[in-house]
>>> print(open('protein31.txt').read())   # compact mmCIF, C-alpha atoms
# COMPACT_ATOMS: atom_id res chain seq x y z
CA ASP L 1 16.04 -4.41 12.43
CA VAL L 2 14.20 -2.68 9.66
CA LYS L 3 14.43 1.04 9.83
CA VAL L 4 12.07 3.56 8.38
CA THR L 5 13.61 6.99 8.47
CA GLN L 6 11.72 10.22 8.02
CA SER L 7 13.93 13.11 7.06
CA SER L 8 12.59 15.66 9.53
CA ARG L 9 11.19 15.33 13.03
CA TYR L 10 9.75 18.84 13.11
CA LEU L 11 8.99 21.15 10.20
CA VAL L 12 7.47 24.63 9.97
CA LYS L 13 6.30 25.90 6.58
CA ARG L 14 4.35 28.86 5.29
CA THR L 15 0.95 28.69 3.65
CA GLY L 16 1.28 28.18 -0.09
CA GLU L 17 4.73 26.60 0.05
CA LYS L 18 5.45 23.32 -1.70
CA VAL L 19 6.52 20.83 0.95
CA PHE L 20 8.38 17.56 0.54
CA LEU L 21 8.33 14.91 3.25
CA GLU L 22 10.86 12.17 2.66
CA CYS L 23 10.78 8.58 3.86
CA VAL L 24 13.46 5.94 3.37
CA GLN L 25 13.42 2.28 4.36
CA ASP L 26 16.45 0.01 4.34
CA MET L 27 15.06 -3.51 3.99
CA ASP L 28 13.84 -3.75 0.41
CA HIS L 29 10.17 -3.63 1.39
CA GLU L 30 7.75 -3.61 -1.49
CA ASN L 31 4.98 -1.51 0.04
CA MET L 32 5.13 1.96 1.53
CA PHE L 33 2.45 4.17 3.10
CA TRP L 34 1.84 7.71 4.24
CA TYR L 35 -0.55 8.44 7.10
CA ARG L 36 -1.46 11.57 8.98
CA GLN L 37 -2.47 11.57 12.60
CA ASP L 38 -4.67 14.16 14.24
CA PRO L 39 -6.17 14.28 17.75
CA GLY L 40 -9.52 12.54 17.88
CA LEU L 41 -9.21 11.24 14.31
CA GLY L 42 -6.59 8.54 14.69
CA LEU L 43 -4.36 7.57 11.76
CA ARG L 44 -5.72 8.21 8.30
CA LEU L 45 -4.20 6.83 5.12
CA ILE L 46 -3.18 9.44 2.55
CA TYR L 47 -1.40 7.47 -0.17
CA PHE L 48 0.33 4.16 -0.56
CA SER L 49 2.60 2.46 -3.04
CA TYR L 50 2.84 -1.23 -3.75
CA ASP L 51 6.05 -0.95 -5.76
CA VAL L 52 8.32 1.45 -7.60
CA LYS L 53 6.46 3.94 -9.81
CA MET L 54 3.15 2.73 -8.40
CA LYS L 55 0.82 4.78 -6.24
CA GLU L 56 -2.70 4.46 -4.93
CA LYS L 57 -4.94 6.97 -3.22
CA GLY L 58 -5.83 6.33 0.37
CA ASP L 59 -8.75 7.79 2.25
CA ILE L 60 -7.69 11.46 2.26
CA PRO L 61 -5.49 12.18 -0.78
CA GLU L 62 -6.78 15.68 -1.50
CA GLY L 63 -4.03 18.26 -1.40
CA TYR L 64 -1.26 15.67 -1.54
CA SER L 65 0.74 13.79 -4.12
CA VAL L 66 3.48 11.17 -3.85
CA SER L 67 6.53 9.97 -5.67
CA ARG L 68 8.23 6.57 -5.65
CA GLU L 69 11.11 6.60 -8.09
CA LYS L 70 13.21 4.14 -6.08
CA LYS L 71 12.08 1.21 -4.01
CA GLU L 72 13.53 2.51 -0.78
CA ARG L 73 12.16 6.05 -0.97
CA PHE L 74 8.59 7.30 -0.79
CA SER L 75 8.00 11.05 -0.85
CA LEU L 76 4.87 12.89 0.19
CA ILE L 77 4.32 16.25 -1.49
CA LEU L 78 2.06 19.03 -0.32
CA GLU L 79 1.58 21.00 -3.52
CA SER L 80 0.48 24.19 -1.76
CA ALA L 81 0.56 23.85 2.00
CA SER L 82 -2.46 24.99 3.96
CA THR L 83 -3.03 25.39 7.68
CA ASN L 84 -5.39 22.39 7.75
CA GLN L 85 -2.44 20.24 6.76
CA THR L 86 -0.78 20.90 10.10
CA SER L 87 -0.45 17.40 11.47
CA MET L 88 1.80 14.50 12.42
CA TYR L 89 2.81 12.58 9.30
CA LEU L 90 3.81 8.95 9.60
CA CYS L 91 5.49 6.83 6.96
CA ALA L 92 5.39 3.03 7.04
CA SER L 93 6.78 0.20 4.98
CA ARG L 94 5.70 -3.39 4.71
CA TYR L 95 7.10 -6.67 3.49
CA VAL L 96 4.72 -9.00 1.75
CA ARG L 97 4.66 -12.69 2.43
CA LYS L 98 1.77 -15.05 2.72
CA GLY L 99 -0.19 -14.62 5.91
CA ASN L 100 1.98 -11.95 7.46
CA TYR L 101 2.08 -8.36 6.41
CA GLY L 102 4.22 -6.69 9.00
CA TYR L 103 4.36 -2.92 9.05
CA THR L 104 7.25 -0.82 10.30
CA PHE L 105 6.63 2.83 11.04
CA GLY L 106 8.93 5.80 11.11
CA SER L 107 9.07 8.19 14.06
CA GLY L 108 6.94 10.77 12.34
CA THR L 109 7.25 14.34 11.08
CA ARG L 110 5.32 17.00 12.93
CA LEU L 111 4.45 19.60 10.32
CA THR L 112 3.16 23.04 11.23
CA VAL L 113 1.84 25.27 8.46
CA VAL L 114 1.64 28.94 9.44
CA ASP I 1 -14.53 2.48 8.68
CA ALA I 2 -12.16 0.81 11.10
CA LYS I 3 -14.17 -2.41 11.57
CA THR I 4 -13.03 -2.63 15.20
CA THR I 5 -14.37 -1.26 18.48
CA GLN I 6 -12.17 -0.63 21.50
CA PRO I 7 -12.69 1.18 24.82
CA THR I 8 -11.37 4.71 24.72
CA SER I 9 -9.20 4.36 27.80
CA MET I 10 -8.13 1.93 30.51
CA ASP I 11 -6.02 2.01 33.63
CA CYS I 12 -3.78 -0.73 34.95
CA ALA I 13 -1.62 -1.05 38.04
CA GLU I 14 2.08 -1.57 37.48
CA GLY I 15 3.02 -5.25 37.66
CA ARG I 16 -0.50 -6.46 37.00
CA ALA I 17 -1.81 -7.93 33.76
CA ALA I 18 -3.37 -5.48 31.32
CA ASN I 19 -6.24 -6.97 29.31
CA LEU I 20 -7.26 -4.88 26.32
CA PRO I 21 -10.46 -5.96 24.54
CA CYS I 22 -11.40 -5.47 20.92
CA ASN I 23 -14.60 -6.24 19.02
CA HIS I 24 -14.44 -7.08 15.32
CA SER I 25 -17.81 -8.67 14.69
CA THR I 26 -17.69 -8.29 10.90
CA ILE I 27 -14.30 -9.89 10.42
CA SER I 28 -13.95 -12.13 7.38
CA GLY I 29 -12.52 -15.62 7.46
CA ASN I 30 -9.21 -14.65 5.88
CA GLU I 31 -8.62 -11.44 7.80
CA TYR I 32 -5.97 -11.24 10.48
CA VAL I 33 -6.17 -9.30 13.73
CA TYR I 34 -3.16 -7.08 14.34
CA TRP I 35 -2.22 -5.12 17.43
CA TYR I 36 0.01 -2.07 17.39
CA ARG I 37 0.83 0.46 20.06
CA GLN I 38 1.95 4.05 19.91
CA ILE I 39 3.93 5.64 22.67
CA HIS I 40 3.64 9.40 22.81
CA SER I 41 5.46 11.20 19.98
CA GLN I 42 6.62 7.99 18.34
CA GLY I 43 5.42 5.96 15.37
CA PRO I 44 3.21 2.89 15.94
CA GLN I 45 5.01 -0.29 16.94
CA TYR I 46 3.95 -3.80 15.96
CA ILE I 47 3.01 -6.03 18.91
CA ILE I 48 1.39 -9.23 17.69
CA HIS I 49 -1.05 -10.64 15.17
CA GLY I 50 -3.21 -13.74 14.75
CA LEU I 51 -5.80 -15.44 12.59
CA LYS I 52 -7.75 -17.81 14.83
CA ASN I 53 -5.33 -19.47 17.22
CA ASN I 54 -4.07 -17.78 20.35
CA GLU I 55 -0.60 -16.30 19.95
CA THR I 56 2.18 -15.36 22.33
CA ASN I 57 5.46 -13.56 21.86
CA GLU I 58 7.93 -11.76 24.07
CA MET I 59 5.72 -8.70 24.30
CA ALA I 60 2.19 -9.99 24.72
CA SER I 61 -0.44 -12.68 24.25
CA LEU I 62 -3.37 -12.52 21.89
CA ILE I 63 -6.56 -14.39 22.69
CA ILE I 64 -9.09 -14.68 19.85
CA THR I 65 -12.57 -16.02 20.55
CA GLU I 66 -13.69 -19.12 18.72
CA ASP I 67 -16.17 -17.15 16.59
CA ARG I 68 -13.39 -14.60 15.91
CA LYS I 69 -15.71 -11.71 16.67
CA SER I 70 -13.53 -10.38 19.45
CA SER I 71 -10.03 -10.60 20.84
CA THR I 72 -8.02 -9.59 23.89
CA LEU I 73 -4.46 -8.38 24.05
CA ILE I 74 -2.75 -9.33 27.30
CA LEU I 75 0.33 -7.63 28.67
CA PRO I 76 1.19 -10.05 31.46
CA HIS I 77 3.15 -7.72 33.74
CA ALA I 78 2.49 -4.13 32.76
CA THR I 79 5.20 -1.54 33.36
CA LEU I 80 5.09 2.24 33.23
CA ARG I 81 6.72 2.04 29.79
CA ASP I 82 3.64 0.22 28.48
CA THR I 83 1.62 3.41 28.79
CA ALA I 84 0.54 4.03 25.19
CA VAL I 85 -2.37 3.99 22.77
CA TYR I 86 -3.11 0.44 21.65
CA TYR I 87 -4.67 -0.17 18.26
CA CYS I 88 -6.56 -3.29 17.31
CA ILE I 89 -6.67 -3.58 13.53
CA VAL I 90 -8.28 -5.96 11.11
CA ARG I 91 -6.40 -6.29 7.88
CA VAL I 92 -8.51 -5.23 4.92
CA GLU I 93 -7.91 -7.33 1.87
CA ASP I 94 -7.25 -5.86 -1.51
CA ASN I 95 -5.59 -7.25 -4.60
CA GLN I 96 -2.15 -6.43 -3.32
CA GLY I 97 -2.46 -8.07 0.08
CA GLY I 98 -4.32 -5.59 2.20
CA LYS I 99 -3.84 -2.33 4.04
CA LEU I 100 -4.31 -1.40 7.67
CA ILE I 101 -7.15 0.81 8.79
CA PHE I 102 -6.59 2.38 12.17
CA GLY I 103 -9.40 3.18 14.59
CA GLN I 104 -9.22 5.35 17.68
CA GLY I 105 -7.44 2.83 19.86
CA THR I 106 -7.37 2.40 23.64
CA GLU I 107 -5.28 4.74 25.73
CA LEU I 108 -3.71 2.54 28.41
CA SER I 109 -2.34 4.25 31.49
CA VAL I 110 -0.14 2.12 33.72
CA LYS I 111 0.00 3.60 37.19
CA PRO I 112 2.51 2.95 40.00
>>> encode(input="protein31.txt", output="structure tokens")
Amino acid sequence: DVKVTQSSRYLVKRTGEKVFLECVQDMDHENMFWYRQDPGLGLRLIYFSYDVKMKEKGDIPEGYSVSREKKERFSLILESASTNQTSMYLCASRYVRKGNYGYTFGSGTRLTVV
Amino acid sequence: DAKTTQPTSMDCAEGRAANLPCNHSTISGNEYVYWYRQIHSQGPQYIIHGLKNNETNEMASLIITEDRKSSTLILPHATLRDTAVYYCIVRVEDNQGGKLIFGQGTELSVKP
């Protein structure tokens, strides 16, 4: 089975810190995504990447950046963490073939900014 | 804009079929309907997807109306482990093959 691994399950950071959330997938998937999930708001797309070195803004990119230097790794960066970035962060990867775009999600990183 | 409408919550008795409805009245002809579920504190899990024909796999069945404006996910014999939030998603097309937009989902509670 495809695995999407997020480096931390729980993370506590201080306001103003630079935070790196790492995501690795092991099945050579082209596409990777970062979502955040908040109560009452569902999953919201932050950034996505169709291939190495490529990145696209999602619906809520403000305060975030991403890096995809290798195909298997997609990093989400909080340049200066703020308390409103306390959330569950979910990484996903996707293979691309005609008519079927299956997503596999990681288990999530629960980030608390204090 | 999630493009789908689902009930906020539903209950189902253990062992009975759970039927989860979804409206997607603005779906385009080449858009697929996907269903995912999320058990508490875990990432979403793929269940099933379809275009216009009904689909069945080891987890569930997907019934899509002929006009494709709505669909129903059926869990034939719900168990307590099926308690989760279920997301009905229409795949949005873009020049790289689309991205998923998640709505609020339906919180299914399976009760003994």
>>> interface_residues(input="protein31.txt", of="chain I", to="chain L", cutoff="6 Å", atoms="all atoms listed in the file", output="list in words")
Gln42, Gly43, Pro44, Phe102 and Gln104 of chain I
>>> residues_around(input="protein31.txt", residues="Gln25 of chain L", least_positions_apart="3", cutoff="8 Å", atoms="only C-alpha atoms", output="list in words")
Val2, Lys3, Val4, Thr5, Asp28, His29, Glu72, Arg73 and Ser93 of chain L
>>> atom_distance(input="protein31.txt", atom1="atom CA of Met10 of chain I", atom2="atom CA of Thr56 of chain I")
21.7 Å
>>> closest_residue(input="protein31.txt", among="I:Thr5, I:Val85, I:Ala18, I:Thr79", to="Pro112 of chain I", atoms="only C-alpha atoms")
I:Thr79
>>> closest_residue(input="protein31.txt", among="L:Glu22, L:Met54, L:Thr112, L:Gln37", to="Ile77 of chain L", atoms="all atoms listed in the file")
L:Glu22
>>> residues_near_point(input="protein31.txt", point="(15.6, 3.7, -6.2)", cutoff="12 Å", atoms="only C-alpha atoms", output="MDAnalysis selection string")
chainID L and resid 24:26 28:30 51:53 67:75
>>> closest_residue(input="protein31.txt", among="I:Arg37, I:Lys111, I:His24, I:His77", to="Asp11 of chain I", atoms="only C-alpha atoms")
I:Lys111
>>> atom_distance(input="protein31.txt", atom1="atom CA of Gly50 of chain I", atom2="atom CA of Lys57 of chain L")
27.5 Å
>>> closest_residue(input="protein31.txt", among="I:Ala60, I:Ile89, I:Leu80, I:Ile47", to="Val33 of chain I", atoms="only C-alpha atoms")
I:Ile89
>>> atom_distance(input="protein31.txt", atom1="atom CA of Thr8 of chain I", atom2="atom CA of Leu11 of chain L")
29.9 Å
>>> closest_residue(input="protein31.txt", among="L:Pro61, L:Lys55, L:Met32, L:Leu111", to="Ser7 of chain L", atoms="all atoms listed in the file")
L:Leu111
>>> axis_aligned_box(input="protein31.txt", around="segment 54-66 of chain L", padding_each_side="5 Å", output="AutoDock Vina command-line options")
--center_x -2.6 --center_y 10.5 --center_z -3.1 --size_x 22.2 --size_y 25.5 --size_z 20.7
>>> residues_near_point(input="protein31.txt", point="(4.2, 21.2, 1.0)", cutoff="12 Å", atoms="only C-alpha atoms", output="PyMOL selection string")
chain L and resi 11-22+63-66+75-86+111-114
>>> write_last_selection(input="protein31.txt", atoms="C-alpha atoms", output="CSV table (one decimal), keeping the file's coordinate frame")
chain,number,residue,atom,x,y,z
L,11,LEU,CA,9.0,21.2,10.2
L,12,VAL,CA,7.5,24.6,10.0
L,13,LYS,CA,6.3,25.9,6.6
L,14,ARG,CA,4.4,28.9,5.3
L,15,THR,CA,1.0,28.7,3.6
L,16,GLY,CA,1.3,28.2,-0.1
L,17,GLU,CA,4.7,26.6,0.0
L,18,LYS,CA,5.4,23.3,-1.7
L,19,VAL,CA,6.5,20.8,1.0
L,20,PHE,CA,8.4,17.6,0.5
L,21,LEU,CA,8.3,14.9,3.2
L,22,GLU,CA,10.9,12.2,2.7
L,63,GLY,CA,-4.0,18.3,-1.4
L,64,TYR,CA,-1.3,15.7,-1.5
L,65,SER,CA,0.7,13.8,-4.1
L,66,VAL,CA,3.5,11.2,-3.8
L,75,SER,CA,8.0,11.0,-0.8
L,76,LEU,CA,4.9,12.9,0.2
L,77,ILE,CA,4.3,16.2,-1.5
L,78,LEU,CA,2.1,19.0,-0.3
L,79,GLU,CA,1.6,21.0,-3.5
L,80,SER,CA,0.5,24.2,-1.8
L,81,ALA,CA,0.6,23.8,2.0
L,82,SER,CA,-2.5,25.0,4.0
L,83,THR,CA,-3.0,25.4,7.7
L,84,ASN,CA,-5.4,22.4,7.8
L,85,GLN,CA,-2.4,20.2,6.8
L,86,THR,CA,-0.8,20.9,10.1
L,111,LEU,CA,4.4,19.6,10.3
L,112,THR,CA,3.2,23.0,11.2
L,113,VAL,CA,1.8,25.3,8.5
L,114,VAL,CA,1.6,28.9,9.4
